[in-house]
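Structure file upload-v6.cif (mmCIF, N, CA and C atoms) is printed below.
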data_query
#
loop_
_atom_site.label_atom_id
_atom_site.label_comp_id
_atom_site.auth_asym_id
_atom_site.auth_seq_id
_atom_site.Cartn_x
_atom_site.Cartn_y
_atom_site.Cartn_z
N MET Z 172 -20.97 67.39 214.61
CA MET Z 172 -21.59 66.08 214.50
C MET Z 172 -22.89 66.20 213.70
N ALA Z 173 -23.13 65.25 212.84
CA ALA Z 173 -24.34 65.24 212.01
C ALA Z 173 -25.55 64.94 212.89
N ASP Z 174 -26.71 65.40 212.42
CA ASP Z 174 -27.95 65.09 213.12
C ASP Z 174 -28.21 63.60 213.08
N SER Z 175 -28.91 63.09 214.07
CA SER Z 175 -29.31 61.69 214.08
C SER Z 175 -30.36 61.46 212.99
N VAL Z 176 -30.52 60.22 212.60
CA VAL Z 176 -31.54 59.87 211.62
C VAL Z 176 -32.91 60.26 212.16
N ARG Z 177 -33.12 60.01 213.43
CA ARG Z 177 -34.40 60.33 214.09
C ARG Z 177 -34.71 61.84 213.98
N LYS Z 178 -33.72 62.68 214.26
CA LYS Z 178 -33.90 64.14 214.16
C LYS Z 178 -34.16 64.55 212.71
N THR Z 179 -33.45 63.96 211.78
CA THR Z 179 -33.65 64.27 210.36
C THR Z 179 -35.07 63.92 209.93
N ILE Z 180 -35.58 62.79 210.42
CA ILE Z 180 -36.96 62.40 210.11
C ILE Z 180 -37.95 63.38 210.73
N LEU Z 181 -37.76 63.76 211.98
CA LEU Z 181 -38.66 64.71 212.63
C LEU Z 181 -38.63 66.06 211.90
N ASP Z 182 -37.46 66.51 211.47
CA ASP Z 182 -37.37 67.75 210.68
C ASP Z 182 -38.16 67.63 209.38
N ALA Z 183 -38.09 66.46 208.74
CA ALA Z 183 -38.84 66.25 207.49
C ALA Z 183 -40.34 66.24 207.75
N VAL Z 184 -40.76 65.72 208.91
CA VAL Z 184 -42.17 65.75 209.29
C VAL Z 184 -42.64 67.20 209.43
N VAL Z 185 -41.86 68.01 210.12
CA VAL Z 185 -42.20 69.43 210.30
C VAL Z 185 -42.32 70.11 208.93
N THR Z 186 -41.37 69.87 208.06
CA THR Z 186 -41.40 70.48 206.72
C THR Z 186 -42.64 70.03 205.95
N ALA Z 187 -42.99 68.75 206.05
CA ALA Z 187 -44.19 68.26 205.37
C ALA Z 187 -45.45 68.95 205.91
N LEU Z 188 -45.52 69.12 207.23
CA LEU Z 188 -46.68 69.78 207.83
C LEU Z 188 -46.75 71.25 207.42
N GLU Z 189 -45.61 71.89 207.25
CA GLU Z 189 -45.59 73.29 206.82
C GLU Z 189 -46.19 73.47 205.44
N GLY Z 190 -46.28 72.40 204.68
CA GLY Z 190 -46.88 72.46 203.35
C GLY Z 190 -48.40 72.42 203.34
N ILE Z 191 -49.01 72.24 204.50
CA ILE Z 191 -50.48 72.20 204.57
C ILE Z 191 -51.03 73.61 204.36
N SER Z 192 -51.91 73.73 203.40
CA SER Z 192 -52.53 75.02 203.10
C SER Z 192 -53.38 75.48 204.29
N GLY Z 193 -53.17 76.71 204.72
CA GLY Z 193 -53.97 77.28 205.80
C GLY Z 193 -53.54 76.87 207.19
N ILE Z 194 -52.42 76.18 207.32
CA ILE Z 194 -51.97 75.75 208.65
C ILE Z 194 -51.54 76.98 209.45
N GLY Z 195 -51.78 76.94 210.73
CA GLY Z 195 -51.36 78.04 211.61
C GLY Z 195 -49.99 77.76 212.19
N LYS Z 196 -49.96 77.34 213.43
CA LYS Z 196 -48.69 77.10 214.13
C LYS Z 196 -48.25 75.65 213.99
N ILE Z 197 -46.95 75.46 213.72
CA ILE Z 197 -46.33 74.15 213.72
C ILE Z 197 -45.07 74.27 214.57
N SER Z 198 -44.94 73.36 215.54
CA SER Z 198 -43.77 73.40 216.40
C SER Z 198 -43.58 72.04 217.05
N THR Z 199 -42.33 71.69 217.34
CA THR Z 199 -42.06 70.47 218.09
C THR Z 199 -42.12 70.74 219.60
N GLU Z 200 -42.41 71.97 219.98
CA GLU Z 200 -42.60 72.33 221.38
C GLU Z 200 -44.09 72.54 221.63
N LEU Z 201 -44.70 71.56 222.27
CA LEU Z 201 -46.14 71.58 222.51
C LEU Z 201 -46.53 72.78 223.36
N LYS Z 202 -47.55 73.48 222.91
CA LYS Z 202 -48.11 74.61 223.65
C LYS Z 202 -49.52 74.25 224.11
N HIS Z 203 -49.95 74.81 225.20
CA HIS Z 203 -51.33 74.66 225.63
C HIS Z 203 -52.21 75.47 224.71
N TRP Z 204 -53.39 74.96 224.39
CA TRP Z 204 -54.26 75.63 223.44
C TRP Z 204 -54.60 77.05 223.86
N GLU Z 205 -54.62 77.33 225.16
CA GLU Z 205 -54.94 78.69 225.62
C GLU Z 205 -53.80 79.67 225.35
N GLU Z 206 -52.58 79.18 225.08
CA GLU Z 206 -51.43 80.04 224.78
C GLU Z 206 -51.42 80.51 223.33
N LEU Z 207 -52.27 79.92 222.49
CA LEU Z 207 -52.25 80.23 221.07
C LEU Z 207 -53.21 81.37 220.73
N LYS Z 208 -52.85 82.10 219.69
CA LYS Z 208 -53.70 83.17 219.18
C LYS Z 208 -54.60 82.58 218.08
N PRO Z 209 -55.73 83.22 217.78
CA PRO Z 209 -56.62 82.69 216.73
C PRO Z 209 -55.90 82.43 215.40
N LYS Z 210 -54.90 83.23 215.05
CA LYS Z 210 -54.18 83.04 213.78
C LYS Z 210 -53.32 81.77 213.80
N ASP Z 211 -53.07 81.19 214.99
CA ASP Z 211 -52.26 79.99 215.12
C ASP Z 211 -53.02 78.70 214.79
N PHE Z 212 -54.32 78.79 214.58
CA PHE Z 212 -55.15 77.61 214.32
C PHE Z 212 -55.43 77.46 212.83
N PRO Z 213 -55.55 76.22 212.34
CA PRO Z 213 -55.28 74.98 213.05
C PRO Z 213 -53.79 74.83 213.32
N ALA Z 214 -53.47 74.14 214.39
CA ALA Z 214 -52.08 73.97 214.80
C ALA Z 214 -51.70 72.49 214.79
N ALA Z 215 -50.39 72.24 214.64
CA ALA Z 215 -49.88 70.87 214.67
C ALA Z 215 -48.57 70.85 215.43
N PHE Z 216 -48.46 69.93 216.37
CA PHE Z 216 -47.28 69.80 217.21
C PHE Z 216 -46.75 68.36 217.12
N PRO Z 217 -45.83 68.10 216.19
CA PRO Z 217 -45.29 66.74 216.07
C PRO Z 217 -44.19 66.47 217.09
N ILE Z 218 -44.20 65.27 217.65
CA ILE Z 218 -43.12 64.83 218.53
C ILE Z 218 -42.76 63.40 218.16
N ASP Z 219 -41.54 63.02 218.49
CA ASP Z 219 -41.13 61.64 218.29
C ASP Z 219 -41.45 60.86 219.55
N GLY Z 220 -42.06 59.71 219.37
CA GLY Z 220 -42.48 58.89 220.51
C GLY Z 220 -41.58 57.68 220.68
N ASP Z 221 -42.18 56.59 221.10
CA ASP Z 221 -41.45 55.35 221.34
C ASP Z 221 -40.89 54.79 220.04
N THR Z 222 -39.81 54.03 220.16
CA THR Z 222 -39.19 53.38 219.02
C THR Z 222 -38.89 51.93 219.34
N ASP Z 223 -39.31 51.03 218.45
CA ASP Z 223 -38.93 49.62 218.55
C ASP Z 223 -37.75 49.42 217.61
N LEU Z 224 -36.71 48.75 218.10
CA LEU Z 224 -35.48 48.53 217.33
C LEU Z 224 -35.25 47.05 217.08
N GLU Z 225 -34.69 46.76 215.91
CA GLU Z 225 -34.33 45.38 215.58
C GLU Z 225 -33.00 45.40 214.85
N ARG Z 226 -32.08 44.58 215.32
CA ARG Z 226 -30.76 44.51 214.70
C ARG Z 226 -30.69 43.28 213.80
N SER Z 227 -30.06 43.45 212.65
CA SER Z 227 -29.88 42.30 211.76
C SER Z 227 -28.97 41.29 212.43
N ALA Z 228 -28.91 40.09 211.88
CA ALA Z 228 -28.14 39.01 212.48
C ALA Z 228 -26.66 39.35 212.63
N TYR Z 229 -26.13 40.13 211.67
CA TYR Z 229 -24.71 40.47 211.70
C TYR Z 229 -24.53 41.98 211.63
N ALA Z 230 -23.81 42.53 212.56
CA ALA Z 230 -23.51 43.96 212.53
C ALA Z 230 -22.56 44.24 211.37
N HIS Z 231 -22.70 45.40 210.79
CA HIS Z 231 -21.84 45.79 209.68
C HIS Z 231 -21.30 47.18 209.98
N ALA Z 232 -20.06 47.41 209.62
CA ALA Z 232 -19.40 48.68 209.96
C ALA Z 232 -20.03 49.88 209.29
N THR Z 233 -20.54 49.73 208.06
CA THR Z 233 -21.03 50.91 207.33
C THR Z 233 -22.43 50.78 206.76
N SER Z 234 -22.90 49.59 206.45
CA SER Z 234 -24.23 49.48 205.84
C SER Z 234 -25.31 49.44 206.91
N GLU Z 235 -26.54 49.61 206.47
CA GLU Z 235 -27.66 49.65 207.40
C GLU Z 235 -27.87 48.28 208.03
N ASP Z 236 -27.75 48.21 209.32
CA ASP Z 236 -27.91 46.94 210.02
C ASP Z 236 -28.93 47.02 211.16
N MET Z 237 -29.62 48.14 211.24
CA MET Z 237 -30.66 48.33 212.25
C MET Z 237 -31.95 48.76 211.55
N GLU Z 238 -33.08 48.30 212.09
CA GLU Z 238 -34.37 48.78 211.60
C GLU Z 238 -35.14 49.32 212.79
N ALA Z 239 -35.72 50.48 212.62
CA ALA Z 239 -36.45 51.15 213.70
C ALA Z 239 -37.89 51.40 213.26
N ALA Z 240 -38.79 51.25 214.21
CA ALA Z 240 -40.19 51.62 214.02
C ALA Z 240 -40.49 52.74 215.02
N LEU Z 241 -40.52 53.94 214.51
CA LEU Z 241 -40.63 55.15 215.32
C LEU Z 241 -42.06 55.69 215.29
N GLU Z 242 -42.60 55.96 216.47
CA GLU Z 242 -43.90 56.64 216.54
C GLU Z 242 -43.69 58.14 216.37
N ILE Z 243 -44.43 58.73 215.46
CA ILE Z 243 -44.52 60.18 215.36
C ILE Z 243 -45.94 60.54 215.76
N ILE Z 244 -46.08 61.36 216.78
CA ILE Z 244 -47.39 61.75 217.28
C ILE Z 244 -47.59 63.23 216.97
N VAL Z 245 -48.64 63.52 216.22
CA VAL Z 245 -48.96 64.90 215.89
C VAL Z 245 -50.18 65.29 216.72
N THR Z 246 -49.99 66.22 217.65
CA THR Z 246 -51.10 66.76 218.40
C THR Z 246 -51.67 67.91 217.60
N GLY Z 247 -52.96 67.83 217.33
CA GLY Z 247 -53.61 68.85 216.52
C GLY Z 247 -54.61 69.65 217.34
N TYR Z 248 -54.65 70.95 217.06
CA TYR Z 248 -55.62 71.84 217.69
C TYR Z 248 -56.42 72.52 216.59
N VAL Z 249 -57.71 72.59 216.82
CA VAL Z 249 -58.60 73.30 215.89
C VAL Z 249 -59.46 74.25 216.70
N TYR Z 250 -59.72 75.42 216.12
CA TYR Z 250 -60.55 76.44 216.78
C TYR Z 250 -61.65 76.85 215.81
N ASP Z 251 -62.86 77.01 216.34
CA ASP Z 251 -63.98 77.45 215.50
C ASP Z 251 -65.07 78.06 216.37
N ARG Z 252 -65.68 79.10 215.85
CA ARG Z 252 -66.79 79.73 216.57
C ARG Z 252 -68.08 79.68 215.76
N ASN Z 253 -68.09 78.91 214.66
CA ASN Z 253 -69.25 78.89 213.77
C ASN Z 253 -69.92 77.53 213.67
N ASN Z 254 -69.87 76.75 214.72
CA ASN Z 254 -70.53 75.45 214.78
C ASN Z 254 -70.07 74.46 213.72
N SER Z 255 -68.83 74.56 213.28
CA SER Z 255 -68.30 73.59 212.31
C SER Z 255 -67.01 72.97 212.83
N LEU Z 256 -66.92 72.82 214.15
CA LEU Z 256 -65.70 72.31 214.78
C LEU Z 256 -65.39 70.88 214.34
N THR Z 257 -66.40 70.02 214.27
CA THR Z 257 -66.17 68.63 213.86
C THR Z 257 -65.65 68.56 212.43
N THR Z 258 -66.21 69.35 211.56
CA THR Z 258 -65.75 69.39 210.16
C THR Z 258 -64.33 69.91 210.08
N LYS Z 259 -64.02 70.95 210.82
CA LYS Z 259 -62.66 71.49 210.80
C LYS Z 259 -61.66 70.48 211.36
N ARG Z 260 -62.06 69.77 212.42
CA ARG Z 260 -61.16 68.75 212.98
C ARG Z 260 -60.92 67.65 211.96
N THR Z 261 -61.98 67.15 211.33
CA THR Z 261 -61.84 66.10 210.32
C THR Z 261 -60.97 66.56 209.16
N ASN Z 262 -61.14 67.79 208.71
CA ASN Z 262 -60.32 68.32 207.62
C ASN Z 262 -58.86 68.44 208.03
N HIS Z 263 -58.61 68.83 209.26
CA HIS Z 263 -57.23 68.96 209.75
C HIS Z 263 -56.57 67.57 209.86
N ILE Z 264 -57.31 66.59 210.35
CA ILE Z 264 -56.80 65.22 210.42
C ILE Z 264 -56.44 64.72 209.03
N ARG Z 265 -57.33 64.94 208.09
CA ARG Z 265 -57.08 64.49 206.71
C ARG Z 265 -55.86 65.20 206.11
N ALA Z 266 -55.73 66.50 206.35
CA ALA Z 266 -54.60 67.26 205.81
C ALA Z 266 -53.27 66.76 206.39
N ILE Z 267 -53.26 66.44 207.69
CA ILE Z 267 -52.05 65.91 208.32
C ILE Z 267 -51.68 64.57 207.70
N GLU Z 268 -52.65 63.71 207.53
CA GLU Z 268 -52.37 62.40 206.93
C GLU Z 268 -51.83 62.54 205.51
N LEU Z 269 -52.46 63.36 204.71
CA LEU Z 269 -51.98 63.55 203.33
C LEU Z 269 -50.58 64.14 203.31
N ALA Z 270 -50.30 65.06 204.23
CA ALA Z 270 -48.97 65.69 204.27
C ALA Z 270 -47.89 64.67 204.60
N LEU Z 271 -48.14 63.81 205.57
CA LEU Z 271 -47.11 62.88 206.00
C LEU Z 271 -46.99 61.64 205.12
N THR Z 272 -48.09 61.18 204.56
CA THR Z 272 -48.02 59.98 203.73
C THR Z 272 -47.70 60.31 202.27
N GLY Z 273 -47.80 61.58 201.91
CA GLY Z 273 -47.58 61.95 200.52
C GLY Z 273 -46.35 62.82 200.26
N ASP Z 274 -45.53 63.03 201.27
CA ASP Z 274 -44.37 63.91 201.12
C ASP Z 274 -43.18 63.12 200.56
N SER Z 275 -42.66 63.56 199.42
CA SER Z 275 -41.57 62.83 198.76
C SER Z 275 -40.26 62.92 199.54
N ALA Z 276 -39.99 64.04 200.19
CA ALA Z 276 -38.74 64.18 200.97
C ALA Z 276 -38.75 63.23 202.17
N LEU Z 277 -39.87 63.13 202.85
CA LEU Z 277 -39.99 62.20 203.97
C LEU Z 277 -39.90 60.77 203.46
N ALA Z 278 -40.58 60.48 202.37
CA ALA Z 278 -40.57 59.12 201.80
C ALA Z 278 -39.15 58.69 201.42
N ALA Z 279 -38.31 59.63 201.02
CA ALA Z 279 -36.93 59.31 200.64
C ALA Z 279 -36.08 58.91 201.85
N LEU Z 280 -36.50 59.29 203.04
CA LEU Z 280 -35.74 58.99 204.27
C LEU Z 280 -36.16 57.70 204.95
N VAL Z 281 -37.38 57.25 204.67
CA VAL Z 281 -37.96 56.14 205.43
C VAL Z 281 -38.41 55.01 204.53
N LEU Z 282 -38.63 53.85 205.13
CA LEU Z 282 -39.20 52.73 204.40
C LEU Z 282 -40.71 52.88 204.26
N ASP Z 283 -41.33 53.42 205.32
CA ASP Z 283 -42.79 53.56 205.32
C ASP Z 283 -43.22 54.57 206.39
N CYS Z 284 -44.33 55.21 206.14
CA CYS Z 284 -44.96 56.12 207.10
C CYS Z 284 -46.46 55.81 207.07
N VAL Z 285 -46.93 55.14 208.12
CA VAL Z 285 -48.29 54.62 208.14
C VAL Z 285 -49.07 55.23 209.29
N PRO Z 286 -50.27 55.79 209.01
CA PRO Z 286 -51.11 56.26 210.12
C PRO Z 286 -51.66 55.04 210.89
N VAL Z 287 -51.56 55.08 212.22
CA VAL Z 287 -51.99 53.92 213.00
C VAL Z 287 -53.05 54.22 214.05
N LYS Z 288 -53.19 55.48 214.46
CA LYS Z 288 -54.16 55.75 215.53
C LYS Z 288 -54.50 57.23 215.59
N ILE Z 289 -55.80 57.49 215.76
CA ILE Z 289 -56.27 58.85 216.02
C ILE Z 289 -56.98 58.82 217.37
N THR Z 290 -56.55 59.69 218.26
CA THR Z 290 -57.19 59.80 219.57
C THR Z 290 -57.87 61.16 219.63
N THR Z 291 -59.19 61.14 219.52
CA THR Z 291 -59.92 62.41 219.55
C THR Z 291 -60.58 62.66 220.89
N ASP Z 292 -60.39 61.74 221.83
CA ASP Z 292 -61.03 61.94 223.13
C ASP Z 292 -60.28 62.94 223.99
N LYS Z 293 -59.32 63.65 223.39
CA LYS Z 293 -58.69 64.76 224.11
C LYS Z 293 -59.77 65.80 224.39
N GLY Z 294 -60.86 65.70 223.62
CA GLY Z 294 -62.04 66.47 223.94
C GLY Z 294 -62.25 67.71 223.11
N MET Z 295 -63.45 68.18 223.21
CA MET Z 295 -63.83 69.45 222.63
C MET Z 295 -64.12 70.37 223.80
N ILE Z 296 -63.38 71.42 223.86
CA ILE Z 296 -63.59 72.43 224.86
C ILE Z 296 -64.20 73.59 224.09
N GLU Z 297 -65.24 74.11 224.55
CA GLU Z 297 -65.97 75.15 223.80
C GLU Z 297 -65.09 75.87 222.78
N ASN Z 298 -65.42 75.69 221.52
CA ASN Z 298 -64.75 76.29 220.36
C ASN Z 298 -63.40 75.67 220.02
N TYR Z 299 -62.95 74.66 220.75
CA TYR Z 299 -61.65 74.03 220.51
C TYR Z 299 -61.82 72.52 220.39
N SER Z 300 -60.99 71.90 219.55
CA SER Z 300 -60.90 70.46 219.48
C SER Z 300 -59.42 70.09 219.50
N ILE Z 301 -59.10 69.04 220.26
CA ILE Z 301 -57.71 68.61 220.43
C ILE Z 301 -57.65 67.11 220.14
N PHE Z 302 -56.66 66.70 219.36
CA PHE Z 302 -56.52 65.28 219.02
C PHE Z 302 -55.06 64.91 218.88
N ASP Z 303 -54.77 63.63 218.97
CA ASP Z 303 -53.45 63.07 218.67
C ASP Z 303 -53.59 62.15 217.48
N TYR Z 304 -52.67 62.28 216.54
CA TYR Z 304 -52.63 61.41 215.36
C TYR Z 304 -51.27 60.73 215.37
N THR Z 305 -51.26 59.40 215.49
CA THR Z 305 -50.01 58.65 215.59
C THR Z 305 -49.71 57.96 214.27
N PHE Z 306 -48.45 58.11 213.85
CA PHE Z 306 -47.94 57.46 212.64
C PHE Z 306 -46.80 56.54 213.05
N LEU Z 307 -46.66 55.42 212.36
CA LEU Z 307 -45.54 54.53 212.57
C LEU Z 307 -44.59 54.69 211.38
N VAL Z 308 -43.39 55.16 211.67
CA VAL Z 308 -42.40 55.44 210.65
C VAL Z 308 -41.30 54.39 210.77
N THR Z 309 -41.12 53.62 209.72
CA THR Z 309 -40.10 52.57 209.70
C THR Z 309 -38.92 53.05 208.87
N TYR Z 310 -37.71 52.89 209.44
CA TYR Z 310 -36.51 53.31 208.72
C TYR Z 310 -35.34 52.42 209.12
N GLN Z 311 -34.28 52.49 208.33
CA GLN Z 311 -33.07 51.73 208.61
C GLN Z 311 -31.89 52.65 208.79
N TYR Z 312 -30.91 52.17 209.54
CA TYR Z 312 -29.69 52.96 209.76
C TYR Z 312 -28.57 52.02 210.20
N ASN Z 313 -27.37 52.54 210.22
CA ASN Z 313 -26.23 51.77 210.71
C ASN Z 313 -26.06 52.04 212.20
N HIS Z 314 -25.74 51.02 212.96
CA HIS Z 314 -25.64 51.17 214.42
C HIS Z 314 -24.55 52.18 214.83
N ASN Z 315 -23.60 52.47 213.93
CA ASN Z 315 -22.58 53.48 214.22
C ASN Z 315 -23.04 54.89 213.95
N SER Z 316 -24.19 55.04 213.31
CA SER Z 316 -24.72 56.38 212.96
C SER Z 316 -26.21 56.46 213.24
N PRO Z 317 -26.59 56.37 214.50
CA PRO Z 317 -28.03 56.38 214.80
C PRO Z 317 -28.61 57.76 214.60
#
Before anything else, please render the file you have as structure tokens.
Amino acid sequence: MADSVRKTILDAVVTALEGISGIGKISTELKHWEELKPKDFPAAFPIDGDTDLERSAYAHATSEDMEAALEIIVTGYVYDRNNSLTTKRTNHIRAIELALTGDSALAALVLDCVPVKITTDKGMIENYSIFDYTFLVTYQYNHNSP
């Protein structure tokens, strides 16, 4: 059986993040920051979140008749011991945004990929910063091939 459209999009997100220069660990399996080694930072953990679905007025056997708005949430971890944690966090946020909004392979799969929310109140724990960056990814598919 072929992968779902949702899985294909998440795989494309991972591939886009892998293109970030200097990225450490990327995985769809979230790890606690204490489980990571210094070489794993900065880290990015993308997951697929909630999805809003809308069906066109008439179902069609083969053409795209569904539109989905999928949340992709990238949890980012940054580590620093040289008093530049805020700068490193900001740079990591910017790199994630550029990777996801500028990737041609991801763009070919979706109608749009828009950053919608950054939650940085995950906090700064001495030498660590943790944040969530949420993107809204809109795509279409046929109800027979979700």
Just list the residues in segment 192-314 of chain Z DSSP gives alpha helix (DSSP H) on the backbone, as a PDB file with N, CA and C atoms, in the coordinates of the input.
ATOM      1  N   LEU Z 256     -66.920  72.820 214.150  1.00  0.00           N
ATOM      2  CA  LEU Z 256     -65.700  72.310 214.780  1.00  0.00           C
ATOM      3  C   LEU Z 256     -65.390  70.880 214.340  1.00  0.00           C
ATOM      4  N   THR Z 257     -66.400  70.020 214.270  1.00  0.00           N
ATOM      5  CA  THR Z 257     -66.170  68.630 213.860  1.00  0.00           C
ATOM      6  C   THR Z 257     -65.650  68.560 212.430  1.00  0.00           C
ATOM      7  N   THR Z 258     -66.210  69.350 211.560  1.00  0.00           N
ATOM      8  CA  THR Z 258     -65.750  69.390 210.160  1.00  0.00           C
ATOM      9  C   THR Z 258     -64.330  69.910 210.080  1.00  0.00           C
ATOM     10  N   LYS Z 259     -64.020  70.950 210.820  1.00  0.00           N
ATOM     11  CA  LYS Z 259     -62.660  71.490 210.800  1.00  0.00           C
ATOM     12  C   LYS Z 259     -61.660  70.480 211.360  1.00  0.00           C
ATOM     13  N   ARG Z 260     -62.060  69.770 212.420  1.00  0.00           N
ATOM     14  CA  ARG Z 260     -61.160  68.750 212.980  1.00  0.00           C
ATOM     15  C   ARG Z 260     -60.920  67.650 211.960  1.00  0.00           C
ATOM     16  N   THR Z 261     -61.980  67.150 211.330  1.00  0.00           N
ATOM     17  CA  THR Z 261     -61.840  66.100 210.320  1.00  0.00           C
ATOM     18  C   THR Z 261     -60.970  66.560 209.160  1.00  0.00           C
ATOM     19  N   ASN Z 262     -61.140  67.790 208.710  1.00  0.00           N
ATOM     20  CA  ASN Z 262     -60.320  68.320 207.620  1.00  0.00           C
ATOM     21  C   ASN Z 262     -58.860  68.440 208.030  1.00  0.00           C
ATOM     22  N   HIS Z 263     -58.610  68.830 209.260  1.00  0.00           N
ATOM     23  CA  HIS Z 263     -57.230  68.960 209.750  1.00  0.00           C
ATOM     24  C   HIS Z 263     -56.570  67.570 209.860  1.00  0.00           C
ATOM     25  N   ILE Z 264     -57.310  66.590 210.350  1.00  0.00           N
ATOM     26  CA  ILE Z 264     -56.800  65.220 210.420  1.00  0.00           C
ATOM     27  C   ILE Z 264     -56.440  64.720 209.030  1.00  0.00           C
ATOM     28  N   ARG Z 265     -57.330  64.940 208.090  1.00  0.00           N
ATOM     29  CA  ARG Z 265     -57.080  64.490 206.710  1.00  0.00           C
ATOM     30  C   ARG Z 265     -55.860  65.200 206.110  1.00  0.00           C
ATOM     31  N   ALA Z 266     -55.730  66.500 206.350  1.00  0.00           N
ATOM     32  CA  ALA Z 266     -54.600  67.260 205.810  1.00  0.00           C
ATOM     33  C   ALA Z 266     -53.270  66.760 206.390  1.00  0.00           C
ATOM     34  N   ILE Z 267     -53.260  66.440 207.690  1.00  0.00           N
ATOM     35  CA  ILE Z 267     -52.050  65.910 208.320  1.00  0.00           C
ATOM     36  C   ILE Z 267     -51.680  64.570 207.700  1.00  0.00           C
ATOM     37  N   GLU Z 268     -52.650  63.710 207.530  1.00  0.00           N
ATOM     38  CA  GLU Z 268     -52.370  62.400 206.930  1.00  0.00           C
ATOM     39  C   GLU Z 268     -51.830  62.540 205.510  1.00  0.00           C
ATOM     40  N   LEU Z 269     -52.460  63.360 204.710  1.00  0.00           N
ATOM     41  CA  LEU Z 269     -51.980  63.550 203.330  1.00  0.00           C
ATOM     42  C   LEU Z 269     -50.580  64.140 203.310  1.00  0.00           C
ATOM     43  N   ALA Z 270     -50.300  65.060 204.230  1.00  0.00           N
ATOM     44  CA  ALA Z 270     -48.970  65.690 204.270  1.00  0.00           C
ATOM     45  C   ALA Z 270     -47.890  64.670 204.600  1.00  0.00           C
ATOM     46  N   LEU Z 271     -48.140  63.810 205.570  1.00  0.00           N
ATOM     47  CA  LEU Z 271     -47.110  62.880 206.000  1.00  0.00           C
ATOM     48  C   LEU Z 271     -46.990  61.640 205.120  1.00  0.00           C
ATOM     49  N   THR Z 272     -48.090  61.180 204.560  1.00  0.00           N
ATOM     50  CA  THR Z 272     -48.020  59.980 203.730  1.00  0.00           C
ATOM     51  C   THR Z 272     -47.700  60.310 202.270  1.00  0.00           C
ATOM     52  N   SER Z 275     -42.660  63.560 199.420  1.00  0.00           N
ATOM     53  CA  SER Z 275     -41.570  62.830 198.760  1.00  0.00           C
ATOM     54  C   SER Z 275     -40.260  62.920 199.540  1.00  0.00           C
ATOM     55  N   ALA Z 276     -39.990  64.040 200.190  1.00  0.00           N
ATOM     56  CA  ALA Z 276     -38.740  64.180 200.970  1.00  0.00           C
ATOM     57  C   ALA Z 276     -38.750  63.230 202.170  1.00  0.00           C
ATOM     58  N   LEU Z 277     -39.870  63.130 202.850  1.00  0.00           N
ATOM     59  CA  LEU Z 277     -39.990  62.200 203.970  1.00  0.00           C
ATOM     60  C   LEU Z 277     -39.900  60.770 203.460  1.00  0.00           C
ATOM     61  N   ALA Z 278     -40.580  60.480 202.370  1.00  0.00           N
ATOM     62  CA  ALA Z 278     -40.570  59.120 201.800  1.00  0.00           C
ATOM     63  C   ALA Z 278     -39.150  58.690 201.420  1.00  0.00           C
ATOM     64  N   ALA Z 279     -38.310  59.630 201.020  1.00  0.00           N
ATOM     65  CA  ALA Z 279     -36.930  59.310 200.640  1.00  0.00           C
ATOM     66  C   ALA Z 279     -36.080  58.910 201.850  1.00  0.00           C
ATOM     67  N   LEU Z 280     -36.500  59.290 203.040  1.00  0.00           N
ATOM     68  CA  LEU Z 280     -35.740  58.990 204.270  1.00  0.00           C
ATOM     69  C   LEU Z 280     -36.160  57.700 204.950  1.00  0.00           C
TER      70      LEU Z 280
END
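Atom pair atom CA of Lys288 of chain Z / atom CA of Ile244 of chain Z: separated by 9.2 Å.
When you apply the PyMOL selection byres (((chain Z and resi 263 and name CA) around 9) and name CA) to this structure, what comes back is Ile194, Pro213, Ala214, Gly247, Tyr248, Val249, Thr258, Lys259, Arg260, Thr261, Asn262, Ile264, Arg265, Ala266, Ile267 and Glu268 of chain Z.
Rounded to one decimal, atom CA of Tyr304 of chain Z and atom CA of Ile197 of chain Z lie 14.3 Å from each other.
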Please identify all polymer residues within 6.5 Å of Thr199 of chain Z, counting all atoms listed in the file, omitting same-chain residues fewer than 3 positions from it, and present them as a PyMOL selection string. chain Z and resi 216-218
Separation of atom CA of Arg226 of chain Z and atom N of Leu271 of chain Z, in Å? 27.5 Å
Tell me which protein, DNA and RNA residues are within 7 Å of Glu225 of chain Z, counting only C-alpha atoms, leaving out same-chain ones fewer than 3 positions away, and put them as a ChimeraX atom specification. /Z:237-239
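Candidate residues Z:Ile289, Z:Leu277, Z:Leu307, Z:Ile301 were compared for distance to Ala183 of chain Z, and the nearest is Z:Leu277, using only N, CA and C atoms.
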Among chain Z, which ones does DSSP assign to strand (DSSP E or B) (computed from the backbone)? Answer as a ChimeraX atom specification. /Z:197,214-226,237-250,283-290,295-296,299-312
Would you list the residues near (-43.3, 61.4, 219.2), meaning any protein, DNA or RNA residue with an atom at most 8 Å from that point in file coordinates, counting only C-alpha atoms, as a ChimeraX atom specification? /Z:217-221,241-245
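Minimum atom-to-atom distances from Z:Gly193, Z:Ser227, Z:Val184, Z:Lys210 to Ala279 of chain Z were compared using only C-alpha atoms, and the lowest value belongs to Z:Val184.
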May I have the residues within 6.5 Å of Tyr250 of chain Z as an mmCIF file with N, CA and C atoms, keeping the file's coordinate frame, using all atoms listed in the file and disregarding those fewer than 5 positions away in the same chain?
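What ended up in selection18.cif:
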data_model
loop_
_atom_site.group_PDB
_atom_site.id
_atom_site.type_symbol
_atom_site.label_atom_id
_atom_site.label_comp_id
_atom_site.auth_asym_id
_atom_site.auth_seq_id
_atom_site.Cartn_x
_atom_site.Cartn_y
_atom_site.Cartn_z
ATOM 1 N N PHE Z 212 -54.320 78.790 214.580
ATOM 2 C CA PHE Z 212 -55.150 77.610 214.320
ATOM 3 C C PHE Z 212 -55.430 77.460 212.830
ATOM 4 N N PRO Z 213 -55.550 76.220 212.340
ATOM 5 C CA PRO Z 213 -55.280 74.980 213.050
ATOM 6 C C PRO Z 213 -53.790 74.830 213.320
ATOM 7 N N LEU Z 256 -66.920 72.820 214.150
ATOM 8 C CA LEU Z 256 -65.700 72.310 214.780
ATOM 9 C C LEU Z 256 -65.390 70.880 214.340
ATOM 10 N N ASN Z 298 -65.420 75.690 221.520
ATOM 11 C CA ASN Z 298 -64.750 76.290 220.360
ATOM 12 C C ASN Z 298 -63.400 75.670 220.020
ATOM 13 N N TYR Z 299 -62.950 74.660 220.750
ATOM 14 C CA TYR Z 299 -61.650 74.030 220.510
ATOM 15 C C TYR Z 299 -61.820 72.520 220.390
ATOM 16 N N SER Z 300 -60.990 71.900 219.550
ATOM 17 C CA SER Z 300 -60.900 70.460 219.480
ATOM 18 C C SER Z 300 -59.420 70.090 219.500
#
